[in-house]
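Engineer: One structure, pasted below without further comment.
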Amino acid sequence: MEPLISSSSRVSACRLLIMILFIMLVVSSSPCLSSSLHPMYINSTAMHRNHTAISEFRLLNRRTLTQCPNTSPFLQINVSSNSNLSDEQYLTVTVTGVSNPSGNDWIAMISPSHASVESCPFNEGFYLQTGDLSSLPLLCHYPVKAMYMRKDGDYLSCKKKECKKYKKGVCLSYTCSGTVTFHVINIRTDIEFVLFGGGFLTPCVLTKSRPINFANPNQPLYGHISSIDSTGTSMRVTWVSGDKKPQQVQYGDGKTQTSVVTTFSQANMCSSALESPAKDFGWHDPGFIHSAVMTGLKPSSTFSYRYGSDSAGWSKQTQFRTPPAGGSDELKFLAFGDMGKAPRDASAEHYIQPGSLSVIKAMADEVDSNQIDSIFHIGDISYATGFLVEWDFFLHQISPVASRVSYMTAIGNHERDYIDSGSIYITPDSGGECGIPYETYFPMPTPAKDKPWYSIEQASVHFTVMSTEHDWSENSEQYGWMKKDLASVDRSKTPWLIFTGHRPMYSSSNSILSVDPEFIKKVEPLLLQNKVDLVLFGHVHNYERTCSVYQNKCMAMPKKDRNGIDTYDHSNYSAPLHAVIGMAGFSLDKFPNDVEGWSLSRISQFGYFRGHATKKELNLELVNSDTKKVEDSFRIIKA
């Protein structure tokens, strides 16, 4: 959807944003920002299409709160449960006493319940970074989700009437009602439902419900596991709770480990001369993030665990599988980028990734079959982008897979990038999060905080995971690490070398933001020198596979095997092949009619990447999440 501003407003927005970025560039002391502005960021309209200025709902904080005319004295909001909400449930919200139902009536879920839904006129300057120059702002706090009352098909026609005034048995005045359903999960803080008129563009408050609490705001939830090393004998479990006291993970045959507790605050979020969403209207208390390492496990084995405490409560018992140890033979893994999340109701939310639910469901079926050892999510994780409550919804969404197998991640632009924060790109794509929520929710075996690169070996595969959002120039710490890591791989132990990150080196997408020539110039030679077999990136929202490519030239083409499968023979290595796998949730990108010769397969369908490695060959497939059909398959072999 195009931004809801006119062409002239877009031009004005671009000019203003360029001026703002230029001013920040001049006054910044950051080394990354002291250089000239990269040409790819001059197009600020394109930049902000990936930020917060897309739909009416996402522009809600930029609208003036008006006074609702002719408010009915009978208006009420009735919720199916008024207290002690469970950890997940569907609430029916009924609005009664409506005099004149309108297609512009909508209801919002607000949390915490004491959050201000009034106008904040003095914050106008904080919101200019979103690219919208409409009358600013609207709500001081962003709704968790919202829904138009017309989702109830009987609302506008007033089929559900209630007489409010009789005279001699004749109804002189009646009101209408409507009901909508919200999917609610335990986000620890009380919630409240607020009825607005005027639509998302000219809203006004009509009435509010009473605050509704969760039965146990301290309940340990959203546990997910990850590998800490290449042995397959230790696994980290991370979960969220409203309780700051250390809790425990109980696993195996009576083993116990105590959690390390962390959190982050509004003060930890990044900002600039303009307040960021994470710092201001998008903030939501994350509770406390617990993490504990389960040790003494066996690789390629099944165990069960639960986490929590007697005082806060316990999670359900969950069965999980450890990955194979590095140097063993067989690995079955899934990989993808750019997933995000989507509502399980008819709500509007600030950022919706329409394919994410089908992808999670399809992968959960694979995990349930006990045929998957690990998962790699290579950037653009939740797309919370400064609206912190959306991390809870994302963690809830991935639980069916992330609680069962090792869920390894790489950082993307929507987790890390922000102006004057040390990211190599100065877009506001993280909404002020600057990688802090990401690294707290997903602790990986990295060297240190804000150094989100690491490598891990599983069976016959060595995975090198880089950050495309941090400095990768030749004199950088990350470059030195990549050079050393790639050179240290023992190919007799792990014959396959897979290199992953977020932003791609090769993509047929027309967007100027897709590929950075400097990144290719600096890092691609390392891949060739160290005979990387496969390169996996996301960022572009489709699937694309290349020939064995280097410096935009095909160094070798795959050959068809007896089953018609493209086969890359790395016995006589020429160059790595690349695959863009950013098709796991975000709205899909189309391909141009004219593409380069290095592009062999292009598919714009939601799905995920499936790999099966042995020491003799590496089999890869793109799986369509809606049909479960294999859309593309290829092999890499060595003598």
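The chains in the structure tokens are called A, B, ... from first to last as shown; in each chain the residues are counted from 1, and the ligands are counted from 1 in the order shown.
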Please list as a list in words every residue within 12 Å of region 168-173 of chain A, counting only C-alpha atoms and excluding residues in the same chain fewer than 6 positions away.
Structural biologist: Ser72, Phe74, Gly97, Val98, Ser99, Asn100, Lys161 and Glu162 of chain A
Engineer: What parts of region 522-568 of chain A does DSSP call helix (DSSP H, G or I)? I'd like the answer as a PyMOL selection string.
Structural biologist: chain A and resi 522-529
Engineer: Restricting it to N, CA and C atoms, dump the selection as a compact mmCIF listing (two decimals), in the first residue's frame.
Structural biologist:
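Just written: result_4.txt:
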```
# COMPACT_ATOMS: atom_id res chain seq x y z
N LYS A 522 34.06 -5.89 -0.65
CA LYS A 522 34.90 -6.20 0.51
C LYS A 522 34.82 -7.67 0.93
N VAL A 523 33.63 -8.25 0.91
CA VAL A 523 33.44 -9.55 1.54
C VAL A 523 33.44 -10.71 0.55
N GLU A 524 33.00 -10.49 -0.69
CA GLU A 524 32.92 -11.61 -1.64
C GLU A 524 34.25 -12.31 -1.86
N PRO A 525 35.38 -11.61 -1.94
CA PRO A 525 36.65 -12.32 -2.12
C PRO A 525 36.94 -13.35 -1.04
N LEU A 526 36.51 -13.08 0.21
CA LEU A 526 36.71 -14.05 1.28
C LEU A 526 35.99 -15.36 0.99
N LEU A 527 34.80 -15.25 0.39
CA LEU A 527 34.02 -16.45 0.10
C LEU A 527 34.73 -17.32 -0.93
N LEU A 528 35.26 -16.68 -1.95
CA LEU A 528 35.97 -17.43 -2.99
C LEU A 528 37.26 -18.03 -2.45
N GLN A 529 38.02 -17.24 -1.71
CA GLN A 529 39.31 -17.70 -1.19
C GLN A 529 39.17 -18.93 -0.31
```
Engineer: Between A:Glu469, A:Glu275, A:Glu596, A:Asp417, which is the closest to Lys451 (chain A) once you count only C-alpha atoms?
Structural biologist: A:Glu469
Engineer: As a PyMOL selection string, please: every residue in region 137-315 of chain A that a backbone DSSP assignment puts in strand (DSSP E).
Structural biologist: chain A and resi 145-148+161-167+170-185+192-197+204-208+221-227+235-241+248-251+255-258+260-262+288-294+302-309+313-314
Engineer: For each of A:Gly103, A:Pro286, A:Gly197, A:Gly386, take the minimum atom-to-atom distance to Lys151 (chain A), counting only C-alpha atoms, then give the residue where this is smallest.
Structural biologist: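 Residue with the minimum atom-to-atom distance to Lys151 (chain A): A:Gly103.
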Engineer: Of the candidates A:Ile411, A:Val194, A:Ala108, A:Ile603, which shows the shortest atom-to-atom distance to Tyr454 (chain A), using only C-alpha atoms?
Structural biologist: A:Ile411
Engineer: A:Asp310, A:Asp589, A:Asp566, A:Asp450: which is nearest Leu620 (chain A), counting only C-alpha atoms?
Structural biologist: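 Of A:Asp310, A:Asp589, A:Asp566, A:Asp450, the one nearest Leu620 (chain A) is A:Asp566, counting only C-alpha atoms.
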